Amino acid sequence: MQITLGSTSQIKTKAVEAACTALGLITSIKTAAVDSKVSTQPVGQEETARGARNRAHGAQDHAKGSYGIGIENGIRWNGNNWEDFAVVIVCAPDGTEVLCESAAVILPTDVVEAARARGFATTTVGQVLAEWYGSDPNDPHTLLTNGTHSRLSLLTDTLINALNQRH
């Protein structure tokens, strides 16, 4: 099974590797720098899914005949709180897709508003959390869950779910 990830992010690459190992998939995993074509901080399910889809299809453009994987984290208002979540899309060589969402992590409203004030086109909530609290800008999930869930663990679980539906 050939997989191409539409990102060169270390966390995303490690999540794909961990999911494939957990499922016992014998794979060749490549990465490709693919533009999500959405804001640096996607807002809402639609924009986040569009980013993941763009990454998955872009990955396939780099390696014809492979499974393309797109991963995009975004934020959304759930009616009570802002939350961070990821969309994972696995696109098979035949063009069929599986879309899965990760578990969501609640975000402090003041941090979201600070990122919004700077502009979601260039600023993520993770960057503001890193400035204010010293967390990893690529993994604010560990801080936000008091160490119970990392971004890697959330993405790995979501990838296991998506890949289980594809192979």
# chains A, B, ... in the order shown; residues from 1 in each chain; ligands from 1
>>> select_by_dssp(residues="chain A", states="alpha helix (DSSP H)", output="compact mmCIF listing (two decimals) with N, CA, C and O atoms, in the first residue's frame")
# COMPACT_ATOMS: atom_id res chain seq x y z
N GLN A 10 6.06 17.03 10.92
CA GLN A 10 6.54 15.87 11.66
C GLN A 10 5.44 15.20 12.46
O GLN A 10 5.37 13.97 12.52
N ILE A 11 4.57 15.99 13.08
CA ILE A 11 3.48 15.41 13.87
C ILE A 11 2.55 14.61 12.97
O ILE A 11 2.16 13.48 13.30
N LYS A 12 2.18 15.17 11.83
CA LYS A 12 1.27 14.46 10.92
C LYS A 12 1.93 13.20 10.37
O LYS A 12 1.29 12.15 10.27
N THR A 13 3.22 13.28 10.03
CA THR A 13 3.94 12.11 9.52
C THR A 13 4.00 11.02 10.58
O THR A 13 3.73 9.84 10.28
N LYS A 14 4.33 11.38 11.81
CA LYS A 14 4.40 10.40 12.89
C LYS A 14 3.03 9.78 13.15
O LYS A 14 2.93 8.59 13.46
N ALA A 15 1.96 10.57 13.02
CA ALA A 15 0.61 10.03 13.22
C ALA A 15 0.27 9.00 12.15
O ALA A 15 -0.31 7.95 12.47
N VAL A 16 0.62 9.28 10.90
CA VAL A 16 0.36 8.31 9.82
C VAL A 16 1.16 7.03 10.08
O VAL A 16 0.63 5.91 9.97
N GLU A 17 2.43 7.18 10.43
CA GLU A 17 3.26 6.00 10.71
C GLU A 17 2.69 5.18 11.87
O GLU A 17 2.60 3.96 11.79
N ALA A 18 2.29 5.86 12.94
CA ALA A 18 1.74 5.17 14.11
C ALA A 18 0.43 4.45 13.78
O ALA A 18 0.20 3.33 14.23
N ALA A 19 -0.42 5.09 12.99
CA ALA A 19 -1.70 4.47 12.62
C ALA A 19 -1.46 3.23 11.75
O ALA A 19 -2.10 2.19 11.97
N CYS A 20 -0.56 3.33 10.80
CA CYS A 20 -0.25 2.18 9.94
C CYS A 20 0.33 1.04 10.75
O CYS A 20 -0.03 -0.13 10.55
N THR A 21 1.20 1.35 11.70
CA THR A 21 1.78 0.33 12.57
C THR A 21 0.69 -0.33 13.42
O THR A 21 0.63 -1.56 13.53
N ALA A 22 -0.18 0.48 14.00
CA ALA A 22 -1.26 -0.05 14.84
C ALA A 22 -2.18 -0.98 14.07
O ALA A 22 -2.70 -1.96 14.61
N LEU A 23 -2.37 -0.68 12.78
CA LEU A 23 -3.26 -1.50 11.94
C LEU A 23 -2.53 -2.65 11.26
O LEU A 23 -3.15 -3.45 10.56
N GLN A 45 -16.20 23.64 10.11
CA GLN A 45 -16.02 22.32 9.53
C GLN A 45 -15.77 22.41 8.03
O GLN A 45 -14.93 21.69 7.49
N GLU A 46 -16.49 23.28 7.34
CA GLU A 46 -16.37 23.36 5.89
C GLU A 46 -14.96 23.77 5.44
O GLU A 46 -14.36 23.11 4.58
N GLU A 47 -14.43 24.84 6.03
CA GLU A 47 -13.09 25.29 5.62
C GLU A 47 -12.03 24.27 6.02
O GLU A 47 -11.09 24.01 5.26
N THR A 48 -12.18 23.67 7.19
CA THR A 48 -11.21 22.69 7.65
C THR A 48 -11.23 21.46 6.75
O THR A 48 -10.17 20.95 6.35
N ALA A 49 -12.41 20.97 6.41
CA ALA A 49 -12.51 19.81 5.50
C ALA A 49 -11.98 20.15 4.11
O ALA A 49 -11.33 19.31 3.48
N ARG A 50 -12.22 21.37 3.65
CA ARG A 50 -11.69 21.78 2.33
C ARG A 50 -10.16 21.73 2.34
O ARG A 50 -9.53 21.26 1.40
N GLY A 51 -9.55 22.19 3.43
CA GLY A 51 -8.10 22.14 3.55
C GLY A 51 -7.58 20.71 3.53
O GLY A 51 -6.59 20.40 2.85
N ALA A 52 -8.24 19.82 4.27
CA ALA A 52 -7.83 18.41 4.30
C ALA A 52 -8.00 17.77 2.92
O ALA A 52 -7.13 17.03 2.46
N ARG A 53 -9.10 18.07 2.27
CA ARG A 53 -9.36 17.52 0.93
C ARG A 53 -8.31 18.02 -0.07
O ARG A 53 -7.79 17.26 -0.88
N ASN A 54 -8.00 19.31 -0.02
CA ASN A 54 -6.97 19.86 -0.91
C ASN A 54 -5.63 19.17 -0.68
O ASN A 54 -4.90 18.88 -1.64
N ARG A 55 -5.31 18.90 0.57
CA ARG A 55 -4.05 18.22 0.88
C ARG A 55 -4.06 16.77 0.37
O ARG A 55 -3.07 16.29 -0.18
N ALA A 56 -5.18 16.07 0.56
CA ALA A 56 -5.27 14.67 0.11
C ALA A 56 -5.13 14.56 -1.40
O ALA A 56 -4.38 13.73 -1.91
N HIS A 57 -5.86 15.41 -2.12
CA HIS A 57 -5.80 15.36 -3.59
C HIS A 57 -4.45 15.86 -4.10
O HIS A 57 -3.91 15.31 -5.07
N GLY A 58 -3.90 16.86 -3.44
CA GLY A 58 -2.57 17.34 -3.81
C GLY A 58 -1.52 16.27 -3.60
O GLY A 58 -0.57 16.14 -4.39
N ALA A 59 -1.66 15.48 -2.54
CA ALA A 59 -0.73 14.38 -2.28
C ALA A 59 -0.79 13.36 -3.41
O ALA A 59 0.25 12.88 -3.87
N GLN A 60 -1.99 13.07 -3.86
CA GLN A 60 -2.13 12.11 -4.96
C GLN A 60 -1.53 12.65 -6.26
O GLN A 60 -1.03 11.87 -7.06
N ASP A 61 -1.57 13.95 -6.45
CA ASP A 61 -0.94 14.54 -7.63
C ASP A 61 0.57 14.30 -7.63
O ASP A 61 1.18 14.23 -8.69
N HIS A 62 1.16 14.17 -6.44
CA HIS A 62 2.60 13.93 -6.32
C HIS A 62 2.96 12.46 -6.52
O HIS A 62 4.11 12.16 -6.82
N THR A 109 -11.72 31.15 25.13
CA THR A 109 -12.30 32.16 24.22
C THR A 109 -11.38 33.36 24.05
O THR A 109 -11.24 33.87 22.94
N ASP A 110 -10.72 33.80 25.11
CA ASP A 110 -9.84 34.96 24.99
C ASP A 110 -8.66 34.71 24.05
O ASP A 110 -8.22 35.60 23.34
N VAL A 111 -8.19 33.48 24.00
CA VAL A 111 -7.09 33.13 23.09
C VAL A 111 -7.59 33.14 21.65
O VAL A 111 -6.91 33.66 20.75
N VAL A 112 -8.78 32.60 21.42
CA VAL A 112 -9.36 32.61 20.07
C VAL A 112 -9.56 34.05 19.61
O VAL A 112 -9.23 34.40 18.47
N GLU A 113 -10.07 34.89 20.50
CA GLU A 113 -10.32 36.29 20.13
C GLU A 113 -9.01 37.03 19.84
O GLU A 113 -8.96 37.88 18.95
N ALA A 114 -7.95 36.72 20.56
CA ALA A 114 -6.65 37.34 20.29
C ALA A 114 -6.12 36.91 18.92
O ALA A 114 -5.59 37.73 18.16
N ALA A 115 -6.28 35.64 18.59
CA ALA A 115 -5.84 35.15 17.27
C ALA A 115 -6.70 35.79 16.17
O ALA A 115 -6.17 36.19 15.13
N ARG A 116 -8.00 35.90 16.41
CA ARG A 116 -8.89 36.53 15.43
C ARG A 116 -8.49 37.99 15.20
O ARG A 116 -8.47 38.47 14.07
N ALA A 117 -8.14 38.71 16.28
CA ALA A 117 -7.76 40.12 16.17
C ALA A 117 -6.50 40.28 15.31
O ALA A 117 -6.38 41.26 14.56
N ARG A 118 -5.61 39.33 15.38
CA ARG A 118 -4.39 39.38 14.56
C ARG A 118 -4.67 38.96 13.12
O ARG A 118 -3.92 39.31 12.22
N VAL A 125 -4.49 29.82 16.71
CA VAL A 125 -4.76 29.80 18.15
C VAL A 125 -3.56 29.17 18.87
O VAL A 125 -3.15 29.62 19.94
N GLY A 126 -2.96 28.15 18.26
CA GLY A 126 -1.79 27.51 18.84
C GLY A 126 -0.62 28.47 19.03
O GLY A 126 0.12 28.38 20.02
N GLN A 127 -0.45 29.40 18.09
CA GLN A 127 0.63 30.38 18.23
C GLN A 127 0.38 31.31 19.42
O GLN A 127 1.31 31.62 20.17
N VAL A 128 -0.86 31.74 19.60
CA VAL A 128 -1.18 32.61 20.73
C VAL A 128 -1.02 31.84 22.04
O VAL A 128 -0.45 32.36 23.01
N LEU A 129 -1.49 30.60 22.09
CA LEU A 129 -1.31 29.79 23.30
C LEU A 129 0.17 29.65 23.64
O LEU A 129 0.56 29.72 24.81
N ALA A 130 1.00 29.44 22.63
CA ALA A 130 2.45 29.30 22.85
C ALA A 130 3.04 30.58 23.43
O ALA A 130 3.87 30.53 24.35
N GLU A 131 2.61 31.72 22.91
CA GLU A 131 3.11 33.01 23.42
C GLU A 131 2.67 33.24 24.87
O GLU A 131 3.44 33.70 25.69
N TRP A 132 1.42 32.95 25.16
CA TRP A 132 0.86 33.24 26.47
C TRP A 132 1.27 32.24 27.55
O TRP A 132 1.43 32.58 28.70
N TYR A 133 1.38 30.95 27.15
CA TYR A 133 1.59 29.90 28.14
C TYR A 133 2.85 29.05 27.94
O TYR A 133 3.11 28.15 28.72
N PRO A 140 -0.84 22.44 20.96
CA PRO A 140 -1.45 23.05 22.15
C PRO A 140 -2.34 22.07 22.91
O PRO A 140 -2.72 22.32 24.04
N HIS A 141 -2.65 20.94 22.29
CA HIS A 141 -3.57 19.96 22.86
C HIS A 141 -3.06 19.41 24.19
O HIS A 141 -3.84 19.18 25.12
N THR A 142 -1.74 19.20 24.29
CA THR A 142 -1.16 18.70 25.53
C THR A 142 -1.42 19.67 26.68
O THR A 142 -1.83 19.26 27.76
N LEU A 143 -1.22 20.96 26.43
CA LEU A 143 -1.50 21.99 27.44
C LEU A 143 -2.99 22.02 27.77
O LEU A 143 -3.38 22.01 28.94
N LEU A 144 -3.82 22.05 26.75
CA LEU A 144 -5.26 22.22 26.94
C LEU A 144 -5.93 21.04 27.63
O LEU A 144 -7.00 21.20 28.22
N ARG A 151 -1.60 16.25 20.38
CA ARG A 151 -2.09 16.34 19.01
C ARG A 151 -1.77 15.03 18.28
O ARG A 151 -2.60 14.52 17.53
N LEU A 152 -0.58 14.49 18.54
CA LEU A 152 -0.19 13.23 17.91
C LEU A 152 -1.17 12.11 18.24
O LEU A 152 -1.62 11.38 17.35
N SER A 153 -1.55 11.97 19.49
CA SER A 153 -2.47 10.89 19.87
C SER A 153 -3.85 11.09 19.25
O SER A 153 -4.47 10.13 18.77
N LEU A 154 -4.33 12.32 19.23
CA LEU A 154 -5.64 12.60 18.62
C LEU A 154 -5.63 12.31 17.12
O LEU A 154 -6.57 11.71 16.58
N LEU A 155 -4.56 12.73 16.43
CA LEU A 155 -4.47 12.47 14.99
C LEU A 155 -4.31 10.99 14.70
O LEU A 155 -4.91 10.46 13.76
N THR A 156 -3.50 10.30 15.51
CA THR A 156 -3.31 8.87 15.30
C THR A 156 -4.63 8.12 15.43
O THR A 156 -4.96 7.28 14.57
N ASP A 157 -5.40 8.40 16.46
CA ASP A 157 -6.70 7.74 16.64
C ASP A 157 -7.63 7.99 15.46
O ASP A 157 -8.33 7.08 14.99
N THR A 158 -7.63 9.22 14.96
CA THR A 158 -8.50 9.56 13.83
C THR A 158 -8.03 8.87 12.56
O THR A 158 -8.85 8.37 11.77
N LEU A 159 -6.73 8.80 12.35
CA LEU A 159 -6.19 8.10 11.18
C LEU A 159 -6.48 6.61 11.23
O LEU A 159 -6.78 5.99 10.21
N ILE A 160 -6.39 6.01 12.41
CA ILE A 160 -6.73 4.58 12.55
C ILE A 160 -8.17 4.36 12.11
O ILE A 160 -8.47 3.44 11.35
N ASN A 161 -9.06 5.22 12.57
CA ASN A 161 -10.48 5.12 12.19
C ASN A 161 -10.65 5.25 10.67
O ASN A 161 -11.33 4.45 10.02
N ALA A 162 -10.01 6.26 10.08
CA ALA A 162 -10.16 6.50 8.63
C ALA A 162 -9.55 5.37 7.82
O ALA A 162 -10.16 4.88 6.85
N LEU A 163 -8.33 4.95 8.16
CA LEU A 163 -7.66 3.89 7.40
C LEU A 163 -8.38 2.55 7.55
O LEU A 163 -8.41 1.74 6.63
N ASN A 164 -8.98 2.32 8.71
CA ASN A 164 -9.75 1.10 8.93
C ASN A 164 -10.93 1.00 7.96
O ASN A 164 -11.33 -0.08 7.58
N GLN A 165 -11.47 2.14 7.59
CA GLN A 165 -12.59 2.16 6.65
C GLN A 165 -12.13 2.04 5.20
O GLN A 165 -12.95 1.81 4.33
N ARG A 166 -10.84 2.24 4.94
CA ARG A 166 -10.33 2.27 3.56
C ARG A 166 -9.67 0.99 3.10
O ARG A 166 -9.62 0.72 1.93
>>> atom_distance(atom1="atom CA of Asp84 of chain A", atom2="atom CA of Thr145 of chain A")
11.6 Å
>>> select_by_dssp(residues="segment 25-64 of chain A", states="strand (DSSP E or B)", output="list in words")
Ser28, Ile29, Lys30, Thr31 and Val43 of chain A
>>> closest_residue(among="A:Ser102, A:Ser9, A:Gly74, A:His149", to="Val38 of chain A", atoms="only C-alpha atoms")
A:Gly74
>>> residues_around(residues="segment 64-68 of chain A", least_positions_apart="5", cutoff="7 Å", atoms="only C-alpha atoms", output="number ranges by chain")
A: 2-5, 56-57, 59, 90-93
>>> atom_distance(atom1="atom CA of Gly6 of chain A", atom2="atom CA of Val34 of chain A")
5.1 Å
>>> residues_around(residues="Ser7 of chain A", least_positions_apart="3", cutoff="7 Å", atoms="only C-alpha atoms", output="PyMOL selection string")
chain A and resi 31-34
>>> write_last_selection(atoms="N, CA and C atoms", output="short mmCIF file (atom, residue, chain, number, x, y, z; two decimals), in the first residue's frame")
data_model
loop_
_atom_site.label_atom_id
_atom_site.label_comp_id
_atom_site.auth_asym_id
_atom_site.auth_seq_id
_atom_site.Cartn_x
_atom_site.Cartn_y
_atom_site.Cartn_z
N THR A 31 5.89 11.91 1.88
CA THR A 31 5.29 13.19 2.22
C THR A 31 5.47 14.15 1.05
N ALA A 32 4.55 15.08 0.93
CA ALA A 32 4.62 16.08 -0.12
C ALA A 32 4.15 17.41 0.45
N ALA A 33 4.88 18.46 0.16
CA ALA A 33 4.48 19.79 0.61
C ALA A 33 3.30 20.24 -0.25
N VAL A 34 2.12 20.26 0.35
CA VAL A 34 0.90 20.60 -0.37
C VAL A 34 0.22 21.76 0.35
#
>>> atom_distance(atom1="atom CA of Gly79 of chain A", atom2="atom CA of Val98 of chain A")
26.3 Å
